[in-house]
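Shown here: model.cif, mmCIF, C-alpha atoms.
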data_structure
#
loop_
_atom_site.group_PDB
_atom_site.id
_atom_site.type_symbol
_atom_site.label_atom_id
_atom_site.label_comp_id
_atom_site.auth_asym_id
_atom_site.auth_seq_id
_atom_site.Cartn_x
_atom_site.Cartn_y
_atom_site.Cartn_z
ATOM 1 C CA MET H 1 -19.816 9.947 -0.400
ATOM 2 C CA THR H 2 -19.119 13.666 0.007
ATOM 3 C CA LEU H 3 -16.034 15.022 -1.695
ATOM 4 C CA ASN H 4 -13.620 16.850 0.587
ATOM 5 C CA TRP H 5 -12.513 19.713 -1.660
ATOM 6 C CA GLU H 6 -10.793 21.404 1.269
ATOM 7 C CA GLY H 7 -8.363 18.490 1.355
ATOM 8 C CA LEU H 8 -6.776 19.729 -1.886
ATOM 9 C CA ASP H 9 -4.281 21.850 0.014
ATOM 10 C CA ILE H 10 -1.070 22.454 -1.915
ATOM 11 C CA ALA H 11 0.775 23.031 1.370
ATOM 12 C CA ILE H 12 0.119 19.348 2.189
ATOM 13 C CA LEU H 13 -0.032 17.737 -1.258
ATOM 14 C CA GLY H 14 3.023 19.631 -2.565
ATOM 15 C CA PRO H 15 5.600 18.037 -0.232
ATOM 16 C CA ALA H 16 3.868 14.666 -0.612
ATOM 17 C CA CYS H 17 4.132 14.845 -4.418
ATOM 18 C CA ALA H 18 7.765 15.896 -4.101
ATOM 19 C CA ALA H 19 8.408 12.898 -1.823
ATOM 20 C CA GLY H 20 6.935 10.596 -4.452
ATOM 21 C CA LEU H 21 9.177 12.050 -7.160
ATOM 22 C CA VAL H 22 12.263 11.698 -4.950
ATOM 23 C CA VAL H 23 11.423 8.051 -4.305
ATOM 24 C CA LEU H 24 10.706 7.347 -7.983
ATOM 25 C CA SER H 25 13.967 8.988 -9.100
ATOM 26 C CA THR H 26 16.019 6.045 -7.853
ATOM 27 C CA HIS H 27 13.413 3.302 -7.600
ATOM 28 C CA VAL H 28 12.432 3.297 -11.286
ATOM 29 C CA PRO H 29 15.943 2.442 -12.607
ATOM 30 C CA LEU H 30 16.605 0.077 -9.704
ATOM 31 C CA GLY H 31 13.263 -1.642 -10.300
ATOM 32 C CA ARG H 32 14.377 -2.565 -13.806
ATOM 33 C CA GLN H 33 17.452 -4.280 -12.419
ATOM 34 C CA VAL H 34 15.392 -6.120 -9.827
ATOM 35 C CA LEU H 35 13.162 -7.527 -12.567
ATOM 36 C CA SER H 36 16.091 -8.559 -14.746
ATOM 37 C CA ARG H 37 17.747 -10.341 -11.839
ATOM 38 C CA GLY H 38 14.578 -12.202 -10.891
ATOM 39 C CA ILE H 39 14.807 -11.227 -7.214
ATOM 40 C CA ILE H 40 11.468 -9.457 -7.001
ATOM 41 C CA PHE H 41 11.077 -9.423 -3.226
ATOM 42 C CA ILE H 42 14.498 -8.020 -2.359
ATOM 43 C CA ASP H 43 12.948 -4.565 -1.952
ATOM 44 C CA LEU H 44 10.433 -5.842 0.588
ATOM 45 C CA ALA H 45 13.206 -7.607 2.482
ATOM 46 C CA ILE H 46 15.594 -4.629 2.557
ATOM 47 C CA ALA H 47 12.745 -2.224 3.367
ATOM 48 C CA GLN H 48 11.649 -4.443 6.228
ATOM 49 C CA ILE H 49 15.227 -4.678 7.511
ATOM 50 C CA ALA H 50 15.567 -0.878 7.381
ATOM 51 C CA GLY H 51 12.258 -0.690 9.235
ATOM 52 C CA LEU H 52 13.626 -3.088 11.829
ATOM 53 C CA GLY H 53 16.529 -0.686 12.318
ATOM 54 C CA VAL H 54 14.049 2.135 12.927
ATOM 55 C CA ILE H 55 12.080 0.033 15.416
ATOM 56 C CA PHE H 56 15.276 -1.008 17.197
ATOM 57 C CA ALA H 57 16.379 2.630 17.489
ATOM 58 C CA GLN H 58 12.998 3.510 18.984
ATOM 59 C CA TYR H 59 13.266 0.501 21.293
ATOM 60 C CA LEU H 60 16.540 1.939 22.594
ATOM 61 C CA GLY H 61 14.823 5.279 23.174
ATOM 62 C CA ILE H 62 16.536 7.190 20.383
ATOM 63 C CA GLY H 63 13.225 8.659 19.189
ATOM 64 C CA ASP H 64 11.103 8.758 16.065
ATOM 65 C CA GLN H 65 13.227 11.155 14.015
ATOM 66 C CA GLY H 66 16.785 12.421 13.918
ATOM 67 C CA LEU H 67 20.170 11.218 12.749
ATOM 68 C CA GLY H 68 20.229 8.328 15.213
ATOM 69 C CA VAL H 69 17.207 6.706 13.594
ATOM 70 C CA GLN H 70 18.588 7.388 10.112
ATOM 71 C CA PHE H 71 21.909 5.765 10.969
ATOM 72 C CA ALA H 72 20.162 2.780 12.564
ATOM 73 C CA ALA H 73 18.009 2.255 9.465
ATOM 74 C CA ALA H 74 20.974 2.646 7.107
ATOM 75 C CA ALA H 75 23.183 0.339 9.168
ATOM 76 C CA ALA H 76 20.495 -2.358 9.296
ATOM 77 C CA ALA H 77 19.811 -2.078 5.558
ATOM 78 C CA LEU H 78 23.524 -2.204 4.669
ATOM 79 C CA LEU H 79 24.064 -5.228 6.915
ATOM 80 C CA GLY H 80 21.142 -6.967 5.263
ATOM 81 C CA ALA H 81 22.432 -6.003 1.813
ATOM 82 C CA GLY H 82 25.912 -7.257 2.692
ATOM 83 C CA LEU H 83 24.474 -10.576 3.810
ATOM 84 C CA LEU H 84 22.469 -10.923 0.588
ATOM 85 C CA ALA H 85 25.511 -10.007 -1.522
ATOM 86 C CA TRP H 86 27.408 -12.814 0.219
ATOM 87 C CA THR H 87 24.632 -15.377 -0.221
ATOM 88 C CA ASP H 88 24.307 -14.306 -3.864
ATOM 89 C CA ARG H 89 27.924 -15.363 -4.426
ATOM 90 C CA ARG H 90 27.720 -18.469 -2.266
ATOM 91 C CA TRP H 91 24.256 -19.867 -3.103
ATOM 92 C CA PRO H 92 22.892 -17.918 -6.114
ATOM 93 C CA GLN H 93 20.352 -20.645 -6.901
ATOM 94 C CA TYR H 94 18.736 -20.158 -3.481
ATOM 95 C CA GLN H 95 18.808 -16.355 -3.426
ATOM 96 C CA GLU H 96 15.051 -15.807 -3.753
ATOM 97 C CA PRO H 97 14.050 -18.147 -0.850
ATOM 98 C CA LEU H 98 16.868 -16.645 1.250
ATOM 99 C CA ILE H 99 15.472 -13.173 0.563
ATOM 100 C CA GLY H 100 12.028 -14.365 1.649
ATOM 101 C CA THR H 101 13.456 -15.873 4.827
ATOM 102 C CA LEU H 102 15.265 -12.643 5.657
ATOM 103 C CA PHE H 103 12.049 -10.687 5.105
ATOM 104 C CA VAL H 104 10.117 -12.928 7.508
ATOM 105 C CA LEU H 105 12.846 -12.679 10.151
ATOM 106 C CA ALA H 106 12.931 -8.872 9.908
ATOM 107 C CA ALA H 107 9.123 -8.614 10.020
ATOM 108 C CA THR H 108 8.748 -10.878 13.037
ATOM 109 C CA GLY H 109 11.740 -9.240 14.722
ATOM 110 C CA GLY H 110 9.913 -5.932 14.531
ATOM 111 C CA LEU H 111 6.809 -7.532 16.040
ATOM 112 C CA LEU H 112 8.853 -8.891 18.939
ATOM 113 C CA LEU H 113 10.440 -5.499 19.644
ATOM 114 C CA LEU H 114 7.016 -3.835 19.596
ATOM 115 C CA ALA H 115 5.288 -6.541 21.656
ATOM 116 C CA ASN H 116 5.306 -4.552 24.915
ATOM 117 C CA ASN H 117 4.882 -1.132 23.327
ATOM 118 C CA PRO H 118 1.334 0.230 23.854
ATOM 119 C CA GLN H 119 1.709 2.187 20.613
ATOM 120 C CA GLY H 120 3.312 -0.698 18.751
ATOM 121 C CA GLY H 121 0.384 -1.204 16.400
ATOM 122 C CA GLU H 122 0.484 2.434 15.308
ATOM 123 C CA HIS H 123 4.253 2.334 14.797
ATOM 124 C CA LEU H 124 3.909 -0.795 12.667
ATOM 125 C CA LYS H 125 1.139 0.766 10.567
ATOM 126 C CA ASP H 126 3.243 3.889 9.959
ATOM 127 C CA LEU H 127 6.162 1.722 8.881
ATOM 128 C CA LEU H 128 4.082 -0.297 6.418
ATOM 129 C CA VAL H 129 1.809 2.313 4.820
ATOM 130 C CA GLY H 130 3.851 5.415 5.655
ATOM 131 C CA GLN H 131 2.791 8.951 6.486
ATOM 132 C CA ILE H 132 3.435 10.636 3.171
ATOM 133 C CA LEU H 133 0.977 13.472 3.866
ATOM 134 C CA TRP H 134 3.034 14.520 6.889
ATOM 135 C CA VAL H 135 6.280 14.862 4.942
ATOM 136 C CA SER H 136 7.820 18.334 4.885
ATOM 137 C CA TYR H 137 10.181 19.860 2.334
ATOM 138 C CA ARG H 138 12.850 19.988 5.022
ATOM 139 C CA GLN H 139 12.638 16.216 5.505
ATOM 140 C CA LEU H 140 13.119 15.723 1.773
ATOM 141 C CA ILE H 141 16.480 17.502 1.591
ATOM 142 C CA PRO H 142 18.652 14.580 2.841
ATOM 143 C CA ALA H 143 16.697 12.052 0.741
ATOM 144 C CA ALA H 144 16.957 14.261 -2.348
ATOM 145 C CA LEU H 145 20.718 14.744 -1.900
ATOM 146 C CA LEU H 146 21.210 11.003 -1.445
ATOM 147 C CA SER H 147 19.127 10.346 -4.565
ATOM 148 C CA VAL H 148 21.346 12.696 -6.588
ATOM 149 C CA VAL H 149 24.435 10.807 -5.391
ATOM 150 C CA LEU H 150 22.880 7.415 -6.178
ATOM 151 C CA LEU H 151 21.791 8.561 -9.640
ATOM 152 C CA GLY H 152 25.319 9.837 -10.203
ATOM 153 C CA VAL H 153 26.747 6.429 -9.342
ATOM 154 C CA LEU H 154 24.202 4.761 -11.639
ATOM 155 C CA ALA H 155 25.244 7.084 -14.474
ATOM 156 C CA TRP H 156 28.925 6.453 -13.746
ATOM 157 C CA ARG H 157 28.362 2.704 -13.839
ATOM 158 C CA ARG H 158 26.154 3.135 -16.927
ATOM 159 C CA GLY H 159 23.292 1.457 -15.096
ATOM 160 C CA GLN H 160 25.205 -1.802 -14.729
ATOM 161 C CA LEU H 161 25.498 -2.699 -11.066
ATOM 162 C CA SER H 162 26.715 -5.995 -9.691
ATOM 163 C CA GLY H 163 27.568 -7.562 -6.373
ATOM 164 C CA VAL H 164 28.244 -5.123 -3.557
ATOM 165 C CA TRP H 165 27.554 -2.132 -5.818
ATOM 166 C CA PHE H 166 24.008 -3.275 -6.498
ATOM 167 C CA TYR H 167 23.145 -4.367 -2.965
ATOM 168 C CA GLY H 168 24.809 -1.368 -1.315
ATOM 169 C CA LEU H 169 23.119 1.266 -3.492
ATOM 170 C CA PHE H 170 19.845 -0.597 -3.226
ATOM 171 C CA ALA H 171 20.052 -0.569 0.582
ATOM 172 C CA LEU H 172 20.770 3.167 0.705
ATOM 173 C CA ALA H 173 17.905 3.979 -1.684
ATOM 174 C CA ILE H 174 15.477 1.874 0.344
ATOM 175 C CA THR H 175 16.638 3.437 3.623
ATOM 176 C CA ALA H 176 15.927 6.926 2.302
ATOM 177 C CA SER H 177 12.461 6.034 1.012
ATOM 178 C CA VAL H 178 10.989 3.650 3.573
ATOM 179 C CA GLN H 179 10.707 6.363 6.229
ATOM 180 C CA LEU H 180 9.082 8.736 3.745
ATOM 181 C CA VAL H 181 6.460 6.498 2.136
ATOM 182 C CA GLY H 182 6.441 3.151 3.968
ATOM 183 C CA VAL H 183 7.249 -0.441 3.002
ATOM 184 C CA TYR H 184 4.245 -1.008 0.718
ATOM 185 C CA LEU H 185 4.886 2.071 -1.421
ATOM 186 C CA VAL H 186 8.587 1.251 -1.643
ATOM 187 C CA PHE H 187 7.697 -2.101 -3.180
ATOM 188 C CA ALA H 188 5.071 -0.622 -5.514
ATOM 189 C CA SER H 189 7.392 2.196 -6.637
ATOM 190 C CA LEU H 190 10.108 -0.271 -7.571
ATOM 191 C CA ILE H 191 8.082 -3.006 -9.221
ATOM 192 C CA VAL H 192 4.898 -1.551 -10.752
ATOM 193 C CA PRO H 193 6.422 1.030 -13.173
ATOM 194 C CA ALA H 194 9.191 -1.400 -14.147
ATOM 195 C CA LEU H 195 6.702 -4.228 -14.724
ATOM 196 C CA ALA H 196 4.349 -2.004 -16.750
ATOM 197 C CA THR H 197 7.176 -1.163 -19.174
ATOM 198 C CA ALA H 198 8.973 -4.512 -19.096
ATOM 199 C CA GLY H 199 8.869 -5.018 -22.872
ATOM 200 C CA MET H 200 10.179 -1.589 -23.810
ATOM 201 C CA GLN H 201 13.779 -0.751 -24.602
ATOM 202 C CA GLY H 202 16.103 2.224 -24.246
ATOM 203 C CA ARG H 203 15.319 5.623 -22.774
ATOM 204 C CA GLY H 204 11.684 5.383 -23.825
ATOM 205 C CA ARG H 205 11.143 2.683 -21.236
ATOM 206 C CA LEU H 206 12.697 4.755 -18.473
ATOM 207 C CA LEU H 207 10.634 7.819 -19.387
ATOM 208 C CA ALA H 208 7.412 5.776 -19.574
ATOM 209 C CA ALA H 209 8.127 4.202 -16.177
ATOM 210 C CA TYR H 210 8.722 7.628 -14.614
ATOM 211 C CA LEU H 211 5.483 8.992 -16.110
ATOM 212 C CA ILE H 212 3.477 6.001 -14.851
ATOM 213 C CA GLY H 213 4.967 6.393 -11.376
ATOM 214 C CA ALA H 214 4.369 10.145 -11.252
ATOM 215 C CA ALA H 215 0.768 9.739 -12.479
ATOM 216 C CA GLY H 216 0.160 7.089 -9.834
ATOM 217 C CA TYR H 217 1.438 9.272 -7.004
ATOM 218 C CA VAL H 218 -0.370 12.444 -8.092
ATOM 219 C CA SER H 219 -3.712 10.737 -8.754
ATOM 220 C CA GLY H 220 -3.465 8.736 -5.532
ATOM 221 C CA LEU H 221 -2.770 11.826 -3.441
ATOM 222 C CA VAL H 222 -5.584 13.804 -5.047
ATOM 223 C CA LEU H 223 -8.111 10.971 -4.642
ATOM 224 C CA SER H 224 -7.053 10.343 -1.042
ATOM 225 C CA ALA H 225 -7.588 14.025 -0.266
ATOM 226 C CA LEU H 226 -10.972 14.136 -1.998
ATOM 227 C CA PHE H 227 -12.330 10.943 -0.444
ATOM 228 C CA ASP H 228 -10.440 11.166 2.871
ATOM 229 C CA LEU H 229 -8.784 7.759 2.405
ATOM 230 C CA PRO H 230 -5.328 6.538 3.534
ATOM 231 C CA SER H 231 -2.845 7.996 1.064
ATOM 232 C CA GLY H 232 -0.200 5.281 1.055
ATOM 233 C CA ALA H 233 -2.642 2.434 0.453
ATOM 234 C CA LEU H 234 -4.526 4.344 -2.243
ATOM 235 C CA ILE H 235 -1.337 5.322 -4.094
ATOM 236 C CA VAL H 236 -0.435 1.632 -4.378
ATOM 237 C CA TRP H 237 -3.779 1.085 -6.137
ATOM 238 C CA THR H 238 -3.455 4.136 -8.397
ATOM 239 C CA LEU H 239 0.062 3.053 -9.379
ATOM 240 C CA ALA H 240 -1.369 -0.302 -10.436
ATOM 241 C CA GLY H 241 -4.261 1.441 -12.203
ATOM 242 C CA CYS H 242 -1.935 3.755 -14.142
ATOM 243 C CA ALA H 243 0.216 0.773 -15.102
ATOM 244 C CA LEU H 244 -2.854 -1.002 -16.505
ATOM 245 C CA LEU H 245 -4.053 2.110 -18.350
ATOM 246 C CA ALA H 246 -0.606 2.489 -19.909
ATOM 247 C CA GLN H 247 -1.080 -0.863 -21.634
ATOM 248 C CA ALA H 248 -3.743 0.790 -23.808
ATOM 249 C CA LEU H 249 -1.121 3.103 -25.326
ATOM 250 C CA PRO H 250 0.187 1.774 -28.676
ATOM 251 C CA VAL H 251 3.847 2.357 -27.826
ATOM 252 C CA VAL H 252 3.500 0.296 -24.643
ATOM 253 C CA ARG H 253 1.151 -2.332 -26.076
ATOM 254 C CA ARG H 254 3.470 -3.093 -28.994
ATOM 255 C CA ALA H 255 6.305 -3.696 -26.542
ATOM 256 C CA HIS H 256 4.314 -5.993 -24.247
ATOM 257 C CA PRO H 257 6.450 -8.868 -22.859
ATOM 258 C CA ALA H 258 4.178 -11.387 -24.614
ATOM 259 C CA GLN H 259 5.247 -9.958 -27.993
ATOM 260 C CA VAL H 260 8.966 -9.599 -27.460
ATOM 261 C CA ALA H 261 11.774 -11.810 -26.266
ATOM 262 C CA PRO H 262 12.542 -11.470 -22.549
ATOM 263 C CA GLU H 263 15.575 -9.517 -21.450
ATOM 264 C CA PRO H 264 18.616 -11.594 -20.580
ATOM 265 C CA VAL H 265 18.975 -12.349 -16.904
ATOM 266 C CA PHE H 266 22.230 -11.394 -15.203
ATOM 267 C CA ASP H 267 24.601 -14.281 -14.818
ATOM 268 C CA ALA H 268 24.954 -16.115 -11.533
ATOM 269 C CA ALA H 269 28.062 -14.170 -10.514
ATOM 270 C CA ARG H 270 26.320 -10.714 -10.603
#

Show me, as structure tokens, the structure contained in the file I just sent.
Amino acid sequence: MTLNWEGLDIAILGPACAAGLVVLSTHVPLGRQVLSRGIIFIDLAIAQIAGLGVIFAQYLGIGDQGLGVQFAAAAAALLGAGLLAWTDRRWPQYQEPLIGTLFVLAATGGLLLLANNPQGGEHLKDLLVGQILWVSYRQLIPAALLSVVLLGVLAWRRGQLSGVWFYGLFALAITASVQLVGVYLVFASLIVPALATAGMQGRGRLLAAYLIGAAGYVSGLVLSALFDLPSGALIVWTLAGCALLAQALPVVRRAHPAQVAPEPVFDAAR
């Protein structure tokens, strides 16, 4: 296979790397909370619901970009988050299967809306794997500003979110990222760095998770450019690869979940 050295264009890879860092800024701390709550697939569900909002906006002829699509995605994600916050209070023991059901409904709803669209397959692919290489710095400004606000709220709440706070902030973070990097990368960005550092404690865990995520994005983008492979799909694999390589580091290996007691799970009220 011939290496495509011309693909290493900073004008393209620069905004893509910046998009990855913006996504990781909120997804790494939120991923830790997702793991502790035991609701692993909530990010897939909310991302799919936000994607359904985008598809619905396009179905109404609003277009592929613009504030209309952003509002549709945010509204759909917040409605989904509100529903999950309610079911979490009403039936906490069934929250995970309810999340899975909501994900399936959102995914199939998107398929139904795209059924008569001749470009439906392409729209669905873009939603799932994203178009991170086509991101511009200008597109990142709203997402970056929202990330700053969300991180501010996390700091104000000292990282302890519950109920509507957790679901609402989660929905807004997912809405900002799903249109930048796609559903698959949203899930990987939340879960993989958090899972790789699950046994660590304190700020060291957060820093290690950020470094793993950043290494995964940068290496994935570089390899996708060199080998002319789909960036979103490859970044998912490099995130997983960096997470595995991190286990060879003594500081991470000593804190492996098999060697430490698990973190306490949030109570049912959350």

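Take CA of Ile39 (chain H) and CA of Glu96 (chain H): the distance between them is 5.7 Å.
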
Spell out the residues picked by the PyMOL selection byres ((chain H and resi 46) around 10) here, as a PyMOL selection string.
chain H and resi 41-45+47-52+76-81+84+99+102-103+106+167+170-175+178+183

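Selection result for the displayed file, with the PyMOL selection byres ((chain H and resi 186) around 10) as criterion, is H:Gly20, H:Val23, H:Leu24, H:His27, H:Asp43, H:Leu44, H:Ala47, H:Leu128, H:Val129, H:Gly130, H:Ala173, H:Ile174, H:Thr175, H:Ser177, H:Val178, H:Gln179, H:Leu180, H:Val181, H:Gly182, H:Val183, H:Tyr184, H:Leu185, H:Phe187, H:Ala188, H:Ser189, H:Leu190, H:Ile191, H:Val236.
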
Just-selected residues, C-alpha atoms written as a tab-separated table (two decimals), in the frame of the given file:
chain	number	residue	atom	x	y	z
H	20	GLY	CA	6.94	10.60	-4.45
H	23	VAL	CA	11.42	8.05	-4.30
H	24	LEU	CA	10.71	7.35	-7.98
H	27	HIS	CA	13.41	3.30	-7.60
H	43	ASP	CA	12.95	-4.57	-1.95
H	44	LEU	CA	10.43	-5.84	0.59
H	47	ALA	CA	12.74	-2.22	3.37
H	128	LEU	CA	4.08	-0.30	6.42
H	129	VAL	CA	1.81	2.31	4.82
H	130	GLY	CA	3.85	5.42	5.66
H	173	ALA	CA	17.90	3.98	-1.68
H	174	ILE	CA	15.48	1.87	0.34
H	175	THR	CA	16.64	3.44	3.62
H	177	SER	CA	12.46	6.03	1.01
H	178	VAL	CA	10.99	3.65	3.57
H	179	GLN	CA	10.71	6.36	6.23
H	180	LEU	CA	9.08	8.74	3.74
H	181	VAL	CA	6.46	6.50	2.14
H	182	GLY	CA	6.44	3.15	3.97
H	183	VAL	CA	7.25	-0.44	3.00
H	184	TYR	CA	4.24	-1.01	0.72
H	185	LEU	CA	4.89	2.07	-1.42
H	187	PHE	CA	7.70	-2.10	-3.18
H	188	ALA	CA	5.07	-0.62	-5.51
H	189	SER	CA	7.39	2.20	-6.64
H	190	LEU	CA	10.11	-0.27	-7.57
H	191	ILE	CA	8.08	-3.01	-9.22
H	236	VAL	CA	-0.44	1.63	-4.38

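Here CA of Pro193 (chain H) and CA of Gly220 (chain H) stand 14.7 Å from one another.
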
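Atom pair CA of Leu245 (chain H) / CA of Thr2 (chain H): separated by 26.4 Å.
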
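Once the PyMOL selection byres ((chain H and resi 212) around 9) is applied to the depicted file, the selected set reads Val192, Pro193, Ala196, Leu207, Ala208, Ala209, Tyr210, Leu211, Gly213, Ala214, Ala215, Gly216, Tyr217, Leu239, Cys242, Ala243 and Ala246 of chain H.
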
With a distance cut-off of 6 Å and only C-alpha atoms, select the neighbouring residues of region 3-16 of chain H, excluding the residue or stretch itself and same-chain residues fewer than 3 positions from it, and output the selection as number ranges by chain.
H: 19, 132-133, 136-137, 225-227

Would you mind listing what lies within 12 Å of Leu154 (chain H) as a CSV table (one decimal) with C-alpha atoms, keeping the file's coordinate frame, with only C-alpha atoms counted and same-chain residues fewer than 4 positions away left out?
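The resulting file, out-v8.csv, is shown below:
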chain,number,residue,atom,x,y,z
H,25,SER,CA,14.0,9.0,-9.1
H,26,THR,CA,16.0,6.0,-7.9
H,27,HIS,CA,13.4,3.3,-7.6
H,28,VAL,CA,12.4,3.3,-11.3
H,29,PRO,CA,15.9,2.4,-12.6
H,30,LEU,CA,16.6,0.1,-9.7
H,33,GLN,CA,17.5,-4.3,-12.4
H,147,SER,CA,19.1,10.3,-4.6
H,148,VAL,CA,21.3,12.7,-6.6
H,149,VAL,CA,24.4,10.8,-5.4
H,150,LEU,CA,22.9,7.4,-6.2
H,158,ARG,CA,26.2,3.1,-16.9
H,159,GLY,CA,23.3,1.5,-15.1
H,160,GLN,CA,25.2,-1.8,-14.7
H,161,LEU,CA,25.5,-2.7,-11.1
H,162,SER,CA,26.7,-6.0,-9.7
H,165,TRP,CA,27.6,-2.1,-5.8
H,166,PHE,CA,24.0,-3.3,-6.5
H,169,LEU,CA,23.1,1.3,-3.5
H,170,PHE,CA,19.8,-0.6,-3.2
H,173,ALA,CA,17.9,4.0,-1.7

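Proximity ranking of H:Gly204, H:Gly241, H:Pro118, H:Gly53 relative to Ser219 (chain H) places H:Gly241 first, based on all atoms listed in the file.
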
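Minimum atom-to-atom distance to Gln58 (chain H), evaluated using all atoms listed in the file, belongs to H:Leu124 out of H:Ala107, H:Leu124, H:Leu83, H:Leu146.
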
Which of these residues is nearest to Leu98 (chain H), using all atoms listed in the file: H:Cys17, H:Ala194, H:Ala85, H:Val251?
H:Ala85

Min atom-atom distance to Leu140 (chain H) from the set H:Ala72, H:Ala176, H:Leu223, H:Ala248, counting only C-alpha atoms, belongs to H:Ala176

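Remark: for Arg205 (chain H), the closest of the candidate residues H:Gly82, H:Gly31, H:Leu151, H:Val218 is H:Gly31 (distances computed over only C-alpha atoms).
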